[in-house]
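**Q** Contents are CSV, N, CA and C atoms; file name entry12.csv:
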```csv
chain,number,residue,atom,x,y,z
A,1,MET,N,19.1,37.1,35.5
A,1,MET,CA,18.5,37.4,34.3
A,1,MET,C,19.5,38.3,33.5
A,2,ALA,N,19.8,38.0,32.3
A,2,ALA,CA,20.8,38.7,31.5
A,2,ALA,C,20.1,39.9,30.9
A,3,ALA,N,20.8,41.0,30.7
A,3,ALA,CA,20.3,42.2,30.1
A,3,ALA,C,20.2,42.0,28.6
A,4,LEU,N,19.2,42.6,28.0
A,4,LEU,CA,19.1,42.5,26.5
A,4,LEU,C,20.1,43.4,25.8
A,5,PRO,N,20.6,43.0,24.7
A,5,PRO,CA,21.5,43.9,23.9
A,5,PRO,C,20.6,45.0,23.3
A,6,VAL,N,21.1,46.2,23.4
A,6,VAL,CA,20.4,47.4,22.9
A,6,VAL,C,21.1,47.9,21.7
A,7,TYR,N,20.4,48.1,20.6
A,7,TYR,CA,21.0,48.7,19.4
A,7,TYR,C,20.3,50.0,19.0
A,8,ARG,N,21.1,50.9,18.4
A,8,ARG,CA,20.5,52.1,17.9
A,8,ARG,C,19.6,51.9,16.7
A,9,TRP,N,18.8,52.9,16.4
A,9,TRP,CA,17.9,52.8,15.3
A,9,TRP,C,18.7,52.5,14.0
A,10,ARG,N,18.2,51.6,13.2
A,10,ARG,CA,18.8,51.2,11.9
A,10,ARG,C,20.2,50.5,12.0
A,11,LEU,N,20.6,50.2,13.2
A,11,LEU,CA,22.0,49.6,13.4
A,11,LEU,C,21.9,48.2,13.9
A,12,ALA,N,20.8,47.6,13.9
A,12,ALA,CA,20.7,46.2,14.4
A,12,ALA,C,21.4,45.3,13.4
A,13,PRO,N,22.2,44.3,13.9
A,13,PRO,CA,22.8,43.3,13.0
A,13,PRO,C,21.8,42.4,12.2
A,14,ASP,N,22.3,41.8,11.2
A,14,ASP,CA,21.4,40.9,10.5
A,14,ASP,C,21.1,39.7,11.4
A,15,GLY,N,19.9,39.1,11.1
A,15,GLY,CA,19.5,38.0,11.9
A,15,GLY,C,18.4,38.4,13.0
A,16,TYR,N,18.2,39.7,13.1
A,16,TYR,CA,17.2,40.1,14.1
A,16,TYR,C,16.0,40.8,13.2
A,17,ALA,N,14.8,40.7,13.8
A,17,ALA,CA,13.7,41.3,13.1
A,17,ALA,C,12.6,41.6,14.1
A,18,THR,N,11.8,42.7,13.8
A,18,THR,CA,10.7,43.0,14.7
A,18,THR,C,9.5,42.1,14.3
A,19,ARG,N,8.4,42.1,15.0
A,19,ARG,CA,7.2,41.3,14.7
A,19,ARG,C,6.7,41.6,13.3
A,20,ARG,N,6.7,42.9,13.0
A,20,ARG,CA,6.2,43.3,11.6
A,20,ARG,C,7.1,42.8,10.5
A,21,GLN,N,8.4,42.8,10.8
A,21,GLN,CA,9.3,42.3,9.8
A,21,GLN,C,9.2,40.8,9.6
A,22,LEU,N,9.0,40.1,10.7
A,22,LEU,CA,8.8,38.7,10.7
A,22,LEU,C,7.5,38.4,9.9
A,23,ARG,N,6.5,39.1,10.2
A,23,ARG,CA,5.2,38.8,9.5
A,23,ARG,C,5.4,39.1,8.0
A,24,ALA,N,6.1,40.1,7.6
A,24,ALA,CA,6.3,40.3,6.1
A,24,ALA,C,7.1,39.2,5.5
A,25,LEU,N,7.9,38.4,6.3
A,25,LEU,CA,8.6,37.3,5.8
A,25,LEU,C,7.8,36.0,5.9
A,26,GLY,N,6.6,36.1,6.4
A,26,GLY,CA,5.7,34.9,6.6
A,26,GLY,C,6.1,34.1,7.8
A,27,LEU,N,6.6,34.8,8.8
A,27,LEU,CA,7.1,34.1,10.0
A,27,LEU,C,6.4,34.8,11.3
A,28,ARG,N,6.6,34.1,12.4
A,28,ARG,CA,6.1,34.6,13.7
A,28,ARG,C,7.1,34.3,14.7
A,29,PRO,N,7.2,34.9,15.9
A,29,PRO,CA,8.2,34.7,16.9
A,29,PRO,C,8.2,33.2,17.4
A,30,GLY,N,7.0,32.6,17.5
A,30,GLY,CA,6.9,31.2,17.8
A,30,GLY,C,7.3,30.9,19.3
A,31,GLY,N,7.0,31.8,20.2
A,31,GLY,CA,7.2,31.5,21.6
A,31,GLY,C,8.6,31.9,22.1
A,32,GLN,N,9.5,32.3,21.2
A,32,GLN,CA,10.8,32.7,21.7
A,32,GLN,C,10.8,34.0,22.5
A,33,ASP,N,11.7,34.2,23.4
A,33,ASP,CA,11.8,35.4,24.1
A,33,ASP,C,12.4,36.5,23.3
A,34,VAL,N,12.2,37.7,23.7
A,34,VAL,CA,12.8,38.9,23.0
A,34,VAL,C,14.3,38.7,23.0
A,35,ALA,N,15.0,38.9,21.9
A,35,ALA,CA,16.4,38.6,21.8
A,35,ALA,C,17.2,39.9,22.0
A,36,ALA,N,16.7,41.1,21.5
A,36,ALA,CA,17.4,42.3,21.6
A,36,ALA,C,16.3,43.5,21.6
A,37,GLN,N,16.9,44.6,21.7
A,37,GLN,CA,16.0,45.8,21.8
A,37,GLN,C,16.6,46.9,20.9
A,38,LEU,N,15.7,47.6,20.2
A,38,LEU,CA,16.1,48.7,19.3
A,38,LEU,C,15.6,50.0,19.8
A,39,GLU,N,16.4,51.0,19.9
A,39,GLU,CA,16.0,52.3,20.5
A,39,GLU,C,16.2,53.4,19.5
A,40,ARG,N,15.2,54.2,19.3
A,40,ARG,CA,15.2,55.4,18.5
A,40,ARG,C,15.1,56.6,19.4
A,41,PRO,N,16.2,57.4,19.5
A,41,PRO,CA,16.2,58.5,20.4
A,41,PRO,C,15.2,59.6,19.9
A,42,ARG,N,14.7,60.3,20.9
A,42,ARG,CA,13.8,61.4,20.6
A,42,ARG,C,14.2,62.6,21.6
A,43,ARG,N,13.9,63.8,21.1
A,43,ARG,CA,14.3,65.0,21.9
A,43,ARG,C,13.3,65.1,23.1
A,44,ARG,N,13.9,65.3,24.3
A,44,ARG,CA,13.1,65.6,25.5
A,44,ARG,C,12.1,64.6,25.9
A,45,ARG,N,12.2,63.4,25.3
A,45,ARG,CA,11.3,62.3,25.6
A,45,ARG,C,12.1,61.0,25.7
A,46,ASN,N,11.4,60.0,26.3
A,46,ASN,CA,12.1,58.7,26.3
A,46,ASN,C,12.2,58.1,24.9
A,47,PRO,N,13.2,57.3,24.6
A,47,PRO,CA,13.3,56.8,23.2
A,47,PRO,C,12.2,55.8,22.9
A,48,LEU,N,11.9,55.7,21.6
A,48,LEU,CA,11.0,54.7,21.1
A,48,LEU,C,11.7,53.4,21.2
A,49,VAL,N,11.0,52.3,21.6
A,49,VAL,CA,11.6,51.0,21.7
A,49,VAL,C,10.9,50.0,20.8
A,50,ALA,N,11.7,49.2,20.2
A,50,ALA,CA,11.1,48.0,19.4
A,50,ALA,C,11.9,46.8,19.8
A,51,TYR,N,11.1,45.7,20.0
A,51,TYR,CA,11.7,44.4,20.4
A,51,TYR,C,12.1,43.6,19.2
A,52,LEU,N,13.2,43.0,19.3
A,52,LEU,CA,13.8,42.2,18.1
A,52,LEU,C,13.8,40.7,18.5
A,53,TYR,N,13.5,39.9,17.5
A,53,TYR,CA,13.5,38.4,17.6
A,53,TYR,C,14.5,37.9,16.6
A,54,LEU,N,15.0,36.7,16.9
A,54,LEU,CA,15.9,36.0,16.1
A,54,LEU,C,15.2,35.4,14.9
A,55,VAL,N,15.6,35.7,13.7
A,55,VAL,CA,14.9,35.2,12.5
A,55,VAL,C,15.1,33.7,12.4
A,56,ASP,N,16.2,33.1,12.7
A,56,ASP,CA,16.5,31.7,12.5
A,56,ASP,C,15.7,30.9,13.5
A,57,ARG,N,15.2,31.4,14.6
A,57,ARG,CA,14.3,30.7,15.5
A,57,ARG,C,12.8,30.9,15.3
A,58,ALA,N,12.5,31.8,14.4
A,58,ALA,CA,11.1,32.1,14.1
A,58,ALA,C,10.4,30.9,13.4
A,59,LYS,N,9.1,30.8,13.5
A,59,LYS,CA,8.4,29.7,12.9
A,59,LYS,C,7.4,30.2,11.9
A,60,PRO,N,7.0,29.4,10.9
A,60,PRO,CA,6.1,29.9,9.9
A,60,PRO,C,4.7,30.3,10.5
A,61,VAL,N,4.1,31.2,9.9
A,61,VAL,CA,2.8,31.7,10.3
A,61,VAL,C,1.8,30.5,10.1
A,62,ARG,N,0.9,30.4,11.1
A,62,ARG,CA,-0.1,29.3,11.0
A,62,ARG,C,-1.1,29.7,9.9
A,63,PRO,N,-1.5,28.7,9.1
A,63,PRO,CA,-2.5,29.1,8.0
A,63,PRO,C,-3.9,29.3,8.6
A,64,MET,N,-4.7,30.1,7.9
A,64,MET,CA,-6.0,30.4,8.3
A,64,MET,C,-6.9,29.2,8.0
A,65,THR,N,-7.7,28.8,9.0
A,65,THR,CA,-8.6,27.7,8.9
A,65,THR,C,-9.9,28.2,8.3
A,66,PRO,N,-10.8,27.3,7.8
A,66,PRO,CA,-12.1,27.8,7.3
A,66,PRO,C,-12.9,28.4,8.4
A,67,ALA,N,-12.8,28.0,9.6
A,67,ALA,CA,-13.6,28.6,10.7
A,67,ALA,C,-13.1,30.0,10.9
A,68,LYS,N,-11.8,30.3,10.9
A,68,LYS,CA,-11.2,31.6,11.1
A,68,LYS,C,-11.6,32.5,9.9
A,69,TRP,N,-11.6,32.0,8.7
A,69,TRP,CA,-12.1,32.8,7.5
A,69,TRP,C,-13.5,33.2,7.7
A,70,ALA,N,-14.4,32.3,8.2
A,70,ALA,CA,-15.8,32.5,8.4
A,70,ALA,C,-16.0,33.6,9.5
A,71,ALA,N,-15.3,33.5,10.6
A,71,ALA,CA,-15.4,34.4,11.7
A,71,ALA,C,-14.9,35.8,11.2
A,72,LEU,N,-13.9,35.9,10.4
A,72,LEU,CA,-13.4,37.2,9.9
A,72,LEU,C,-14.4,37.8,9.0
A,73,ALA,N,-15.0,37.0,8.1
A,73,ALA,CA,-16.1,37.5,7.2
A,73,ALA,C,-17.3,38.0,8.0
A,74,LYS,N,-17.7,37.3,9.0
A,74,LYS,CA,-18.8,37.7,9.9
A,74,LYS,C,-18.5,39.0,10.6
A,75,ALA,N,-17.3,39.2,11.1
A,75,ALA,CA,-16.9,40.4,11.8
A,75,ALA,C,-16.9,41.6,10.9
A,76,ASN,N,-16.4,41.4,9.6
A,76,ASN,CA,-16.3,42.5,8.7
A,76,ASN,C,-17.7,42.9,8.2
A,77,THR,N,-18.6,41.9,8.1
A,77,THR,CA,-20.0,42.2,7.7
A,77,THR,C,-20.7,43.0,8.8
A,78,ALA,N,-20.4,42.7,10.0
A,78,ALA,CA,-21.0,43.5,11.2
A,78,ALA,C,-20.5,44.9,11.2
A,79,ARG,N,-19.2,45.1,10.8
A,79,ARG,CA,-18.7,46.5,10.8
A,79,ARG,C,-19.2,47.3,9.6
A,80,ARG,N,-19.7,46.6,8.6
A,80,ARG,CA,-20.3,47.3,7.4
A,80,ARG,C,-21.8,47.6,7.5
A,81,THR,N,-22.5,46.9,8.4
A,81,THR,CA,-23.9,46.9,8.5
A,81,THR,C,-24.3,48.1,9.4
A,82,CYS,N,-25.2,49.0,8.9
A,82,CYS,CA,-25.6,50.1,9.6
A,82,CYS,C,-26.7,49.7,10.6
A,83,PRO,N,-26.5,50.1,11.9
A,83,PRO,CA,-27.5,49.7,12.9
A,83,PRO,C,-28.8,50.5,12.8
A,84,VAL,N,-28.9,51.6,12.0
A,84,VAL,CA,-30.1,52.4,11.9
A,84,VAL,C,-31.0,51.8,10.8
A,85,CYS,N,-30.4,51.7,9.6
A,85,CYS,CA,-31.2,51.2,8.4
A,85,CYS,C,-31.0,49.7,8.2
A,86,GLY,N,-30.0,49.1,8.7
A,86,GLY,CA,-29.8,47.7,8.6
A,86,GLY,C,-29.2,47.3,7.2
A,87,ARG,N,-28.8,48.2,6.4
A,87,ARG,CA,-28.2,47.8,5.1
A,87,ARG,C,-26.7,47.8,5.2
A,88,ASP,N,-26.1,47.0,4.2
A,88,ASP,CA,-24.7,46.9,4.1
A,88,ASP,C,-24.2,48.2,3.4
A,89,ALA,N,-23.4,49.0,4.1
A,89,ALA,CA,-23.0,50.3,3.6
A,89,ALA,C,-21.9,50.2,2.5
A,90,GLY,N,-21.2,49.0,2.4
A,90,GLY,CA,-20.2,48.9,1.4
A,90,GLY,C,-18.8,49.3,1.9
A,91,TYR,N,-18.8,49.8,3.2
A,91,TYR,CA,-17.6,50.3,3.8
A,91,TYR,C,-17.7,50.1,5.3
A,92,CYS,N,-16.6,50.2,6.0
A,92,CYS,CA,-16.7,50.1,7.5
A,92,CYS,C,-17.4,51.4,8.0
A,93,ILE,N,-18.4,51.2,8.9
A,93,ILE,CA,-19.1,52.3,9.5
A,93,ILE,C,-18.1,53.0,10.5
A,94,PRO,N,-17.9,54.3,10.4
A,94,PRO,CA,-17.0,55.0,11.3
A,94,PRO,C,-17.6,55.0,12.7
A,95,PRO,N,-16.8,54.6,13.7
A,95,PRO,CA,-17.3,54.6,15.1
A,95,PRO,C,-17.7,56.0,15.6
A,96,SER,N,-17.1,57.0,15.0
A,96,SER,CA,-17.5,58.4,15.4
A,96,SER,C,-18.9,58.7,15.0
A,97,LEU,N,-19.4,58.1,13.9
A,97,LEU,CA,-20.8,58.4,13.5
A,97,LEU,C,-21.8,57.4,14.1
A,98,GLY,N,-21.4,56.1,14.1
A,98,GLY,CA,-22.2,55.1,14.7
A,98,GLY,C,-23.3,54.7,13.7
A,99,MET,N,-23.3,55.2,12.5
A,99,MET,CA,-24.3,54.8,11.5
A,99,MET,C,-23.7,55.2,10.1
A,100,CYS,N,-24.3,54.7,9.1
A,100,CYS,CA,-23.8,55.0,7.7
A,100,CYS,C,-23.9,56.5,7.5
A,101,VAL,N,-23.2,57.0,6.5
A,101,VAL,CA,-23.1,58.4,6.2
A,101,VAL,C,-24.5,58.9,5.7
A,102,THR,N,-25.2,58.1,5.0
A,102,THR,CA,-26.5,58.4,4.5
A,102,THR,C,-27.5,58.7,5.6
A,103,CYS,N,-27.5,57.8,6.6
A,103,CYS,CA,-28.4,57.9,7.8
A,103,CYS,C,-27.9,59.1,8.6
A,104,HIS,N,-26.6,59.3,8.7
A,104,HIS,CA,-26.1,60.5,9.5
A,104,HIS,C,-26.5,61.8,8.8
A,105,ASP,N,-26.4,61.9,7.5
A,105,ASP,CA,-26.7,63.1,6.8
A,105,ASP,C,-28.2,63.4,6.9
A,106,SER,N,-29.1,62.4,6.9
A,106,SER,CA,-30.5,62.6,6.9
A,106,SER,C,-31.1,62.7,8.4
A,107,ALA,N,-30.2,62.5,9.4
A,107,ALA,CA,-30.7,62.6,10.8
A,107,ALA,C,-30.9,64.1,11.1
A,108,PRO,N,-32.0,64.4,11.8
A,108,PRO,CA,-32.2,65.8,12.2
A,108,PRO,C,-31.1,66.3,13.2
A,109,THR,N,-30.7,67.5,13.1
A,109,THR,CA,-29.7,68.0,14.0
A,109,THR,C,-30.4,68.7,15.1
A,110,LEU,N,-29.8,68.8,16.3
A,110,LEU,CA,-30.3,69.4,17.5
A,110,LEU,C,-29.9,70.9,17.4
A,111,ALA,N,-30.8,71.8,17.5
A,111,ALA,CA,-30.6,73.2,17.5
A,111,ALA,C,-30.3,73.6,18.9
A,112,ALA,N,-29.3,74.5,19.1
A,112,ALA,CA,-29.0,74.9,20.5
A,112,ALA,C,-29.7,76.2,20.8
```
Could I get this structure in the form of structure tokens?

**A**
Amino acid sequence: MAALPVYRWRLAPDGYATRRQLRALGLRPGGQDVAAQLERPRRRRNPLVAYLYLVDRAKPVRPMTPAKWAALAKANTARRTCPVCGRDAGYCIPPSLGMCVTCHDSAPTLAA
């Protein structure tokens, strides 16, 4: 097994991209192996590592199907629906509250 080339932060040559950079270009790795590694040094800790892929071997992002759009809409609706009052809050319910802000504010507090 050959070792991956390692580049310093911001010094990778053209033709390499991270997953996020590929996605911004409308591409995906497409099953290719990691081509190189990017390291950002940090004081007194291990360096941050990002994996790089070859842009010329990347494939286009698969388009969303109607079934995927429907599943995404259903999941977002579930995140916006308050489990206490059952209404659509109009925003994603914070997991820390577990209910919409209106229900949280009107809930009785426990006195210690």

**Q** With all atoms listed in the file as the basis for distance, which of A:Leu97, A:Ala73, A:Tyr53, A:His104 is at the shortest distance from Tyr16 (chain A)?

**A**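 Of A:Leu97, A:Ala73, A:Tyr53, A:His104, the one nearest Tyr16 (chain A), counting all atoms listed in the file, is A:Tyr53.
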
**Q** Could you write out, as a list in words, all the residues of chain A that DSSP marks as alpha helix (DSSP H)?

**A**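 Put together, the selection reads Arg19, Arg20, Gln21, Leu22, Arg23, Ala24, Pro66, Ala67, Lys68, Trp69, Ala70, Ala71, Leu72, Ala73, Lys74, Ala75, Asn76, Thr77, Ala78, Arg79, Arg80, Val101, Thr102, Cys103, His104, Asp105 and Ser106 of chain A.
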
**Q** Have a look at A:Cys92, A:Ala75, A:Val49, A:Leu54 and name the one nearest to Arg8 (chain A); count only C-alpha atoms.

**A**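 Using only C-alpha atoms, the shortest distance to Arg8 (chain A) belongs to A:Val49.
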
**Q** Contacts of Val34 (chain A) at 8 Å or less, counting all atoms listed in the file, minus same-chain residues fewer than 3 places along, as a PyMOL selection string?

**A** chain A and resi 4-5+31+37+51-54

**Q** With N, CA and C atoms retained, write the just-selected residues as a PDB file, keeping the file's coordinate frame.

**A**
```pdb
ATOM      1  N   LEU A   4      19.200  42.600  28.000  1.00  0.00           N
ATOM      2  CA  LEU A   4      19.100  42.500  26.500  1.00  0.00           C
ATOM      3  C   LEU A   4      20.100  43.400  25.800  1.00  0.00           C
ATOM      4  N   PRO A   5      20.600  43.000  24.700  1.00  0.00           N
ATOM      5  CA  PRO A   5      21.500  43.900  23.900  1.00  0.00           C
ATOM      6  C   PRO A   5      20.600  45.000  23.300  1.00  0.00           C
ATOM      7  N   GLY A  31       7.000  31.800  20.200  1.00  0.00           N
ATOM      8  CA  GLY A  31       7.200  31.500  21.600  1.00  0.00           C
ATOM      9  C   GLY A  31       8.600  31.900  22.100  1.00  0.00           C
ATOM     10  N   GLN A  37      16.900  44.600  21.700  1.00  0.00           N
ATOM     11  CA  GLN A  37      16.000  45.800  21.800  1.00  0.00           C
ATOM     12  C   GLN A  37      16.600  46.900  20.900  1.00  0.00           C
ATOM     13  N   TYR A  51      11.100  45.700  20.000  1.00  0.00           N
ATOM     14  CA  TYR A  51      11.700  44.400  20.400  1.00  0.00           C
ATOM     15  C   TYR A  51      12.100  43.600  19.200  1.00  0.00           C
ATOM     16  N   LEU A  52      13.200  43.000  19.300  1.00  0.00           N
ATOM     17  CA  LEU A  52      13.800  42.200  18.100  1.00  0.00           C
ATOM     18  C   LEU A  52      13.800  40.700  18.500  1.00  0.00           C
ATOM     19  N   TYR A  53      13.500  39.900  17.500  1.00  0.00           N
ATOM     20  CA  TYR A  53      13.500  38.400  17.600  1.00  0.00           C
ATOM     21  C   TYR A  53      14.500  37.900  16.600  1.00  0.00           C
ATOM     22  N   LEU A  54      15.000  36.700  16.900  1.00  0.00           N
ATOM     23  CA  LEU A  54      15.900  36.000  16.100  1.00  0.00           C
ATOM     24  C   LEU A  54      15.200  35.400  14.900  1.00  0.00           C
TER      25      LEU A  54
END
```

**Q** Interatomic distance between CA of Gly98 (chain A) and CA of Lys68 (chain A)?

**A**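 That distance, rounded to one decimal, is 26.2 Å.
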
**Q** Take atom N of Tyr91 (chain A) and CA of Thr77 (chain A) and report the distance between them in Å, one decimal.

**A**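 It comes out at 8.9 Å.
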
**Q** Nearest residue to Thr18 (chain A) out of A:Asp105, A:Cys85, A:Ala78, A:Ala50, using only N, CA and C atoms?

**A**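 Smallest distance to Thr18 (chain A) is found for A:Ala50.
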
**Q** Near Ala89 (chain A), within 7 Å and counting all atoms listed in the file, which residues show up once chain neighbours fewer than 6 positions away are dropped, as JSON, numbers by chain?

**A** {"A": [80, 81, 82, 100]}

**Q** For a quick check of understanding, using only C-alpha atoms, which of A:Arg79, A:Arg62, A:Arg10, A:Arg87 has the smallest distance to Glu39 (chain A)?

**A**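 Looking at the shortest contact to Glu39 (chain A), the residue is A:Arg10.
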
**Q** To one decimal place, how far is CA of Ala71 (chain A) from atom C of Arg23 (chain A) in Å?

**A**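 Computing the Euclidean distance for CA of Ala71 (chain A) and atom C of Arg23 (chain A) yields 21.6 Å.
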
**Q** Write out as a list of chain:residue names the set of residues from chain A that DSSP, computed on the backbone, places in strand (DSSP E).

**A**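 Assigned to strand (DSSP E), within chain A: A:Val6, A:Tyr7, A:Arg8, A:Tyr16, A:Ala17, A:Leu27, A:Arg28, A:Ala36, A:Gln37, A:Leu38, A:Glu39, A:Arg40, A:Pro41, A:Arg42, A:Arg45, A:Asn46, A:Pro47, A:Leu48, A:Val49, A:Ala50, A:Tyr51, A:Leu52, A:Tyr53, A:Leu54, A:Lys59, A:Pro60.
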
**Q** What's the 8 Å shell around Lys59 (chain A), counting only C-alpha atoms, without same-chain residues fewer than 3 positions away, as a ChimeraX atom specification?

**A** /A:27-30
